[in-house]
Amino acid sequence: MGAEALTATPADPRERIAGLEAELAVTNSEVLSLVLDMDERVEERTAELGAAQEELQRTNSELLQLTLELENRVAARTAELAAANAALRDEVTRRREAEEEVRSLNADLERRVEERTAELAAVNKELESFAYSVSHDLRAPLRGIDGWSQALLEDCGHLLDDQGNGYLATVRSEVRRMSQLIDALLRLSRVTRTEIRLEQVDLSELARAVECELRVAHPDRSVEVAIALGLTAVGDVVLLRALARNLLGNAWKFTGQCQQARIEFGATLDAGTTTYFVRDNGVGFDMAHASRLFAPFQRLHRAEEFPGTGIGLATVQRSVARHGGRIWAEGVPEAGATFYFVLGGGNGG
Ligand SMILES: Nc1ncnc2c1ncn2[C@@H]1O[C@H](COP(=O)(O)OP(=O)(O)OP(=O)(O)O)[C@@H](O)[C@H]1O
Ligand SMILES: [Mg+2]
């Protein structure tokens, strides 16, 4: 606008002055308005800056507050962790001490068990050899009694009446019985004294041989014998043969009064363990007395009905124990009996 005014220059200087004054007035008012505008903006900006500074201060103090809080919490947490660590250390120490104590108690216990076992084994061995030598030594005087009573019978029998001869016969039969008991004791003793030799044993074959022996010894008996095929075990053949003789012999004997005697030898396999069994349908027994079955000289039936010394099952139990196994029985009076046994590690079906 000023440039236009300057290009259209009036000729009259007064007019020019008036024009210039008017222009100046306009410019002045513009400058004034600009200055006012500037003032206003400066004020606004100053107010804005003040507000921003206040905000900044507030934020700063908040930050400071937060930092303090955080520091406090970190300190508290650190103290808690330190306490927990100390407690944990205490606990670990206590446990280690307790473990040490248990270990030492266990070692002590093991040592005492070992000592006790060794003592018991020694006492057992002593008792065994005592029983063995007593049984052995009793045989000679017994043979003497038998020999002298026979001499008495032969040389002086005619001097005695029937009653005297009867007494002498009883003496001789009691001597025979005592001799059988001593033999049985020696057999029992041998089971624990002899060295055990492990090998693969065909139990079915062993049972079949025992069956033959029984049939030859008792041709009058008619007994059905069922023997499962292919039963084997790792064991001592001498001990296992004695076991088969006793168990099958018992089954044979205690079915003596049966119309249709039946004996079964078999096995079951459960979770890798083979359980062998000998079952019969004979006279059976009362389970209330089952715990006595395996003790030496314990008999559940009368000798007049079923002869025997009561040593067979004790022998069987020792044989099984020497193989690291166990034996148990189930019976029902007049309805038969089953003898189960397992042999320790390494036996197959
Ligand atoms: N299969 C069976 N059925 C019923 N009872 C049995 C059977 N086997 C054993 N018993 C009972 O257990 C007792 C002990 O048996 P064990 O074999 O030790 O002695 P035993 O056969 O009488 O005599 P031994 O075997 O010394 O000749 C027997 O007298 C009998 O009462
Ligand atoms: Mg027997």
# chains A, B, ... in the order shown; residues from 1 in each chain; ligands from 1
$ closest_atom_pairs --of "chain A" --to "ligand 1" --cutoff "6 Å" --atoms "only C-alpha atoms and all ligand atoms" --output "CSV"
residue,atom,partner,partner_atom_place_in_ligand_line,distance
A:Asn250,CA,ligand 1,8 (N),4.7
A:Ala251,CA,ligand 1,1 (N),4.1
A:Phe254,CA,ligand 1,3 (N),5.0
A:Val283,CA,ligand 1,4 (C),5.5
A:Gly284,CA,ligand 1,4 (C),4.0
A:Phe285,CA,ligand 1,4 (C),5.1
A:Leu293,CA,ligand 1,12 (O),4.8
A:Gln298,CA,ligand 1,14 (C),5.8
A:Arg299,CA,ligand 1,29 (O),3.5
A:Leu300,CA,ligand 1,31 (O),3.3
A:His301,CA,ligand 1,31 (O),4.2
A:Gly308,CA,ligand 1,23 (O),3.5
A:Thr309,CA,ligand 1,26 (O),3.8
A:Gly310,CA,ligand 1,19 (O),3.2
A:Ile311,CA,ligand 1,26 (O),3.7
A:Gly312,CA,ligand 1,25 (O),3.3
A:Leu313,CA,ligand 1,18 (O),3.6
A:Ala314,CA,ligand 1,18 (O),5.7
A:Ala337,CA,ligand 1,3 (N),5.0
$ write_last_selection --atoms "N, CA and C atoms" --output "PDB file, in the first residue's frame"
ATOM      1  N   ASN A 250       4.074-135.780  50.101  1.00  0.00           N
ATOM      2  CA  ASN A 250       2.970-135.406  51.000  1.00  0.00           C
ATOM      3  C   ASN A 250       1.628-135.496  50.265  1.00  0.00           C
ATOM      4  N   ALA A 251       1.602-134.920  49.054  1.00  0.00           N
ATOM      5  CA  ALA A 251       0.346-134.930  48.283  1.00  0.00           C
ATOM      6  C   ALA A 251      -0.101-136.385  48.062  1.00  0.00           C
ATOM      7  N   PHE A 254      -1.235-137.789  51.614  1.00  0.00           N
ATOM      8  CA  PHE A 254      -2.468-137.241  52.195  1.00  0.00           C
ATOM      9  C   PHE A 254      -3.688-137.346  51.260  1.00  0.00           C
ATOM     10  N   VAL A 283      -6.808-134.995  52.121  1.00  0.00           N
ATOM     11  CA  VAL A 283      -7.472-134.768  53.394  1.00  0.00           C
ATOM     12  C   VAL A 283      -7.452-133.285  53.823  1.00  0.00           C
ATOM     13  N   GLY A 284      -6.528-132.500  53.242  1.00  0.00           N
ATOM     14  CA  GLY A 284      -6.478-131.066  53.558  1.00  0.00           C
ATOM     15  C   GLY A 284      -6.069-130.805  54.994  1.00  0.00           C
ATOM     16  N   PHE A 285      -6.201-129.547  55.399  1.00  0.00           N
ATOM     17  CA  PHE A 285      -5.889-129.213  56.805  1.00  0.00           C
ATOM     18  C   PHE A 285      -6.601-127.917  57.164  1.00  0.00           C
ATOM     19  N   LEU A 293       2.846-125.761  60.092  1.00  0.00           N
ATOM     20  CA  LEU A 293       3.209-126.739  59.063  1.00  0.00           C
ATOM     21  C   LEU A 293       4.702-126.912  58.840  1.00  0.00           C
ATOM     22  N   GLN A 298       6.346-130.912  63.665  1.00  0.00           N
ATOM     23  CA  GLN A 298       4.940-130.513  63.830  1.00  0.00           C
ATOM     24  C   GLN A 298       4.111-131.265  62.797  1.00  0.00           C
ATOM     25  N   ARG A 299       3.081-131.984  63.276  1.00  0.00           N
ATOM     26  CA  ARG A 299       2.224-132.739  62.366  1.00  0.00           C
ATOM     27  C   ARG A 299       0.779-132.405  62.680  1.00  0.00           C
ATOM     28  N   LEU A 300      -0.038-132.230  61.648  1.00  0.00           N
ATOM     29  CA  LEU A 300      -1.439-131.875  61.873  1.00  0.00           C
ATOM     30  C   LEU A 300      -2.341-133.113  61.816  1.00  0.00           C
ATOM     31  N   HIS A 301      -1.739-134.253  61.440  1.00  0.00           N
ATOM     32  CA  HIS A 301      -2.544-135.478  61.357  1.00  0.00           C
ATOM     33  C   HIS A 301      -1.909-136.570  62.205  1.00  0.00           C
ATOM     34  N   GLY A 308       4.732-140.619  59.449  1.00  0.00           N
ATOM     35  CA  GLY A 308       5.721-139.595  59.084  1.00  0.00           C
ATOM     36  C   GLY A 308       6.394-139.041  60.316  1.00  0.00           C
ATOM     37  N   THR A 309       7.495-138.340  60.100  1.00  0.00           N
ATOM     38  CA  THR A 309       8.245-137.791  61.238  1.00  0.00           C
ATOM     39  C   THR A 309       7.956-136.306  61.455  1.00  0.00           C
ATOM     40  N   GLY A 310       7.402-135.641  60.459  1.00  0.00           N
ATOM     41  CA  GLY A 310       7.106-134.199  60.598  1.00  0.00           C
ATOM     42  C   GLY A 310       8.317-133.331  60.298  1.00  0.00           C
ATOM     43  N   ILE A 311       9.206-133.839  59.451  1.00  0.00           N
ATOM     44  CA  ILE A 311      10.423-133.074  59.169  1.00  0.00           C
ATOM     45  C   ILE A 311      10.462-132.620  57.697  1.00  0.00           C
ATOM     46  N   GLY A 312       9.583-133.235  56.877  1.00  0.00           N
ATOM     47  CA  GLY A 312       9.611-132.972  55.426  1.00  0.00           C
ATOM     48  C   GLY A 312       9.432-131.510  55.066  1.00  0.00           C
ATOM     49  N   LEU A 313       8.390-130.868  55.588  1.00  0.00           N
ATOM     50  CA  LEU A 313       8.125-129.474  55.204  1.00  0.00           C
ATOM     51  C   LEU A 313       9.165-128.516  55.778  1.00  0.00           C
ATOM     52  N   ALA A 314       9.739-128.875  56.942  1.00  0.00           N
ATOM     53  CA  ALA A 314      10.820-128.042  57.493  1.00  0.00           C
ATOM     54  C   ALA A 314      12.005-128.068  56.528  1.00  0.00           C
ATOM     55  N   ALA A 337      -5.209-129.633  49.624  1.00  0.00           N
ATOM     56  CA  ALA A 337      -4.219-128.631  50.042  1.00  0.00           C
ATOM     57  C   ALA A 337      -3.406-128.191  48.834  1.00  0.00           C
TER      58      ALA A 337
END
$ residues_around --residues "Arg262 of chain A" --least-positions-apart "5" --cutoff "10 Å" --atoms "only C-alpha atoms" --output "compact mmCIF listing (two decimals) with N, CA and C atoms, in the first residue's frame"
# COMPACT_ATOMS: atom_id res chain seq x y z
N SER A 222 -3.83 -145.76 42.97
CA SER A 222 -4.16 -145.23 41.64
C SER A 222 -4.34 -143.72 41.79
N VAL A 223 -3.37 -142.98 41.32
CA VAL A 223 -3.38 -141.52 41.51
C VAL A 223 -3.20 -140.84 40.15
N GLU A 224 -4.02 -139.84 39.89
CA GLU A 224 -3.87 -139.07 38.65
C GLU A 224 -2.88 -137.93 38.94
N VAL A 225 -1.79 -137.91 38.20
CA VAL A 225 -0.78 -136.85 38.44
C VAL A 225 -0.67 -135.99 37.19
N ALA A 226 -0.91 -134.69 37.33
CA ALA A 226 -0.79 -133.75 36.19
C ALA A 226 0.40 -132.84 36.44
N ALA A 251 1.60 -134.92 49.05
CA ALA A 251 0.35 -134.93 48.28
C ALA A 251 -0.10 -136.38 48.06
N TRP A 252 0.87 -137.24 47.76
CA TRP A 252 0.59 -138.66 47.54
C TRP A 252 0.03 -139.30 48.82
N THR A 255 -3.48 -138.01 50.08
CA THR A 255 -4.64 -138.35 49.24
C THR A 255 -4.91 -139.86 49.38
N ARG A 279 -0.67 -129.16 44.16
CA ARG A 279 -2.06 -129.17 44.67
C ARG A 279 -2.56 -130.62 44.74
N ASP A 280 -3.34 -130.92 45.77
CA ASP A 280 -3.95 -132.25 45.83
C ASP A 280 -5.38 -132.13 46.34
N ASN A 281 -6.14 -133.19 46.12
CA ASN A 281 -7.53 -133.18 46.58
C ASN A 281 -7.70 -134.14 47.77
N GLY A 282 -6.66 -134.16 48.63
CA GLY A 282 -6.65 -135.09 49.75
C GLY A 282 -7.37 -134.59 50.99
N GLY A 336 -8.58 -130.94 50.34
CA GLY A 336 -7.30 -130.78 49.66
C GLY A 336 -6.43 -129.64 50.16
$ select_by_dssp --residues "segment 150-302 of chain A" --states "strand (DSSP E or B)" --output "ChimeraX atom specification"
/A:199-202,223-227,232-235,261-270,273-280
$ select_by_dssp --residues "segment 242-281 of chain A" --states "alpha helix (DSSP H)" --output "VMD selection string"
chain A and resid 242 to 253
$ residues_around --residues "Asp162 of chain A" --least-positions-apart "6" --cutoff "12 Å" --atoms "only C-alpha atoms" --output "PyMOL selection string"
chain A and resi 153+168-169
$ residues_around --residues "Ser135 of chain A" --least-positions-apart "2" --cutoff "7 Å" --atoms "only C-alpha atoms" --output "MDAnalysis selection string"
chainID A and resid 131:133 137:139 182 185:186
